[in-house]
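Asker: One structure, as structure tokens, below. Some questions next.
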Amino acid sequence: MFSRLPKLPADPLLGLIGLYRDDTNPNKVDLGVGVYRDEQGHTAIMTSVQKAQQIHLETEDSKTYIGPVGVPGFVNGIKSLVLGAQAQAVTDGRIAAIQTPGGCGALRVAAEFIHRLDKDMTVWVSDPTWANHVPLIRSAGLEIKSYPYFDAATGDVDYEKMDQQLAQLGPKDVVLLHGCCHNPTGADLSFEHWQRITERANQQGFLPFVDIAYQGLGDGLDDDVKGVRWLSENVKEMIIATSCSKNFGLYRERTGCLMVQAENKQQAEAMQTQVQDLARANYSMSPAYGGFLVDTILHNDALRAEWQQELANMATRVKALRAGLLEQINAQGIDKDFSFITRQKGMFSYLGINPEQVKRMREEFSIYMADSSRVNIAGLNTHCLEYVASSLKKVCG
Ligand SMILES: Cc1ncc(COP(=O)(O)O)c(C=O)c1O
């Protein structure tokens with residue numbers, strides 16, 4: 001029976017991991033996989049997380065089921081972290097929320113929730129978007145389409161084109177937005193764009209759905225969600241999927257949160273039963289460990305301050321690498337405007353070179369990146385900037 005199903009091709013980005021590992025060039029640079037790395041190329045456990053692990057080890061006294069919501073202190077902490085401690089929607093009890101297995105778990109339950117609302121809904125994603133959005137949404141049975149987003153000529157968002165598409169949408173549409181640090185392009189919506197999207201959502205009646213996986217890795221914990229908070233304050237209903245993989249470095253602990261903002265408390269209570277029911281039908285309940293760690297950090301003043309500082313240091317390092325790369329590129333005198341590198345936010349940028357040039361970067365210079373030319377800026381370090389820039393010069397001419 002199993003012969004009916006073929007072997008699937010390997011994920012191209014995961015394929016790069018193997019190629020990089022086997023590459024013997026001492027100057028090799030891995031800009032492929034999207035994890036934060038320090039100057040030594042290591043994805044270290046944050047010190048605040050290590051301390052929370054120690055506390056957890058000393059205080060956990062049972063492994064019984066945690067319950068459908070997940071760790072309550074985690075879920076409440078994430079609501080405040082994303083929407084603000086004083087957010088009206090939170091204090092009014094309008095947010096239904098569950099802990100999920102990573103941001104992907106939140107996105108997947110959200111997609112099934114949308115399907116349950118109306119199986120004929122269309123989810124609109126940015127062009128381009130994070131590759132995994134497509135299977136996560138499509139396999140829940142929803143149609144997926146893309147709205148114009150990235151302007152390859154400038155490296156910025158083409159908001160007027162995006163808006164033209166949003167103006168055509170209606171109540172059977174869901175618009176998936178990246179909360180900050182757009183993956184894969186690094187081109188973010190401005191606060192004014194978020195205000196205009198809010199107006200459009202209210203005018204056209206589409207449902208906003210925000211994926212936020214990099215809070216704190218752009219301009220700071222609060223600044224990164226300024227637009228999301230505006231949206232939440234000014235629409236009745238929306239969905240938010242968050243991830244603690246990057247900003248707490250909890251990748252393998254699969255720690256995320258799904259929030260559904262309803263019009264009133266009564267509806268939020270009903271939506272709470274719906275998302276719990278969907279989780280139950282999929283995986284019953286989320287793994288608890290990462291939630292305990294985040295709860296401990298967010299509700300301990302000293303640990304929270306330490307975590308915020310570590311996160312701020314990570315964001316500062318990424319910004320410094322952006323500035324350093326641009327400086328080296330300019331010093332090489334490459335005949336192409338790369339100034340978008342310092343305008344873009346978070347870990348990713350599209351270098352805007354073609355697949356042939358990407359291949360040359362890999363094969364001739366051992367510099368690995370996705371075929372789209374998406375680079376993980378955090379994969380750079382101060383010592384390789386000149387090498388990467390000079391290789392780019394050779395490839396771009
Ligand atoms: C845009 C975006 N959303 C969501 C996620 C989900 O991450 P995870 O499931 O590892 O928490 C990621 C991870 O790379 C991402 O880039």
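Chain labels A, B, ... are given in the sequence in which chains occur in the structure tokens; within each chain residues are numbered consecutively from 1, and ligands are likewise numbered from 1 in the order shown.
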I need the residues in region 113-275 of chain A that are helix (DSSP H, G or I) according to DSSP; give them as JSON, numbers by chain.

Answerer: {"A": [113, 114, 115, 116, 117, 133, 134, 135, 136, 137, 138, 159, 160, 161, 162, 163, 164, 165, 166, 191, 192, 193, 194, 195, 196, 197, 198, 199, 200, 201, 202, 203, 204, 223, 224, 225, 226, 227, 228, 229, 230, 231, 232, 233, 234, 251, 252, 253, 265, 266, 267, 268, 269, 270, 271, 272, 273, 274, 275]}

Asker: Could you list, as JSON, numbers by chain, all residues that come within 8 Å of ligand 1? Count only C-alpha atoms and all ligand atoms.

Answerer: {"A": [34, 35, 101, 102, 103, 104, 105, 106, 107, 129, 130, 132, 133, 178, 182, 183, 184, 211, 212, 213, 214, 241, 242, 243, 244, 245, 246, 251, 252, 254, 255, 256]}

Asker: Might you pull out every residue within 9 Å of region 170-173 of chain A, with only C-alpha atoms counted and same-chain residues fewer than 2 positions away left off, and present them as an NGL selection string?

Answerer: :A and (118 or 120-124 or 166-168 or 175 or 201 or 203-208)

Asker: Measuring between only C-alpha atoms, which one of A:Asn202, A:Ile377, A:Glu386, A:Val395 shows the shortest distance to Gly41 (chain A)?

Answerer: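 Among the listed residues, A:Ile377 lies closest to Gly41 (chain A).
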
Asker: Can you pull out every residue within 6 Å of region 355-370 of chain A, counting only C-alpha atoms, but drop anything in the same chain fewer than 5 positions away, and send it as number ranges by chain?

Answerer: A: 28-32, 375, 395

Asker: Of the residues A:Leu5, A:Ile78, A:Val49, A:Ala187, which is the one nearest to Gly155 (chain A), using only C-alpha atoms?

Answerer: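 Answer, going by the shortest atom-to-atom distance: A:Ala187.
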
Asker: From region 203-359 of chain A, collect each residue whose DSSP state is strand (DSSP E or B) and return the set as a PyMOL selection string.

Answerer: chain A and resi 207-212+238-243+255-261+348-350

Asker: Between CA of Leu351 (chain A) and CA of Asp156 (chain A), measure the distance and give it in Å to one decimal.

Answerer: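 Result for CA of Leu351 (chain A) versus CA of Asp156 (chain A): 12.3 Å, one decimal.
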
Asker: Identify, on the basis of only C-alpha atoms, every residue whose closest approach to Pro128 (chain A) does not exceed 9 Å; exclude the query and any residue fewer than 3 positions from it along the same chain; express the result as an mmCIF file with N, CA, C and O atoms, in the first residue's frame.

Answerer:
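Below you can see selection_21.cif, which holds the result:
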data_model
loop_
_atom_site.group_PDB
_atom_site.id
_atom_site.type_symbol
_atom_site.label_atom_id
_atom_site.label_comp_id
_atom_site.auth_asym_id
_atom_site.auth_seq_id
_atom_site.Cartn_x
_atom_site.Cartn_y
_atom_site.Cartn_z
ATOM 1 N N VAL A 125 -1.417 35.928 1.547
ATOM 2 C CA VAL A 125 -0.079 36.062 2.139
ATOM 3 C C VAL A 125 0.747 37.041 1.307
ATOM 4 O O VAL A 125 0.464 37.251 0.126
ATOM 5 N N ALA A 131 8.285 30.450 3.498
ATOM 6 C CA ALA A 131 7.871 29.299 2.691
ATOM 7 C C ALA A 131 6.891 28.385 3.430
ATOM 8 O O ALA A 131 5.965 27.832 2.815
ATOM 9 N N SER A 146 -1.709 35.401 -2.987
ATOM 10 C CA SER A 146 -0.735 36.351 -2.452
ATOM 11 C C SER A 146 -1.065 37.783 -2.868
ATOM 12 O O SER A 146 -1.623 38.030 -3.939
ATOM 13 N N TYR A 147 -0.743 38.717 -1.979
ATOM 14 C CA TYR A 147 -0.903 40.144 -2.287
ATOM 15 C C TYR A 147 0.480 40.730 -2.558
ATOM 16 O O TYR A 147 1.482 40.266 -2.001
ATOM 17 N N PRO A 148 0.562 41.759 -3.447
ATOM 18 C CA PRO A 148 1.870 42.374 -3.725
ATOM 19 C C PRO A 148 2.444 42.946 -2.436
ATOM 20 O O PRO A 148 1.702 43.500 -1.623
ATOM 21 N N TYR A 149 3.732 42.796 -2.250
ATOM 22 C CA TYR A 149 4.333 43.289 -1.003
ATOM 23 C C TYR A 149 5.707 43.908 -1.246
ATOM 24 O O TYR A 149 5.933 45.082 -1.017
ATOM 25 N N PHE A 150 6.617 43.082 -1.749
ATOM 26 C CA PHE A 150 8.021 43.494 -1.814
ATOM 27 C C PHE A 150 8.335 44.131 -3.162
ATOM 28 O O PHE A 150 7.980 43.591 -4.203
ATOM 29 N N ASN A 183 9.961 37.844 7.129
ATOM 30 C CA ASN A 183 10.736 36.708 6.636
ATOM 31 C C ASN A 183 10.120 36.279 5.317
ATOM 32 O O ASN A 183 8.960 35.872 5.309
ATOM 33 N N PRO A 184 10.776 36.358 4.186
ATOM 34 C CA PRO A 184 12.223 36.395 4.014
ATOM 35 C C PRO A 184 12.859 37.742 3.690
ATOM 36 O O PRO A 184 14.074 37.782 3.517
ATOM 37 N N THR A 185 12.123 38.842 3.545
ATOM 38 C CA THR A 185 12.777 40.010 2.918
ATOM 39 C C THR A 185 13.383 41.026 3.885
ATOM 40 O O THR A 185 14.210 41.840 3.476
#
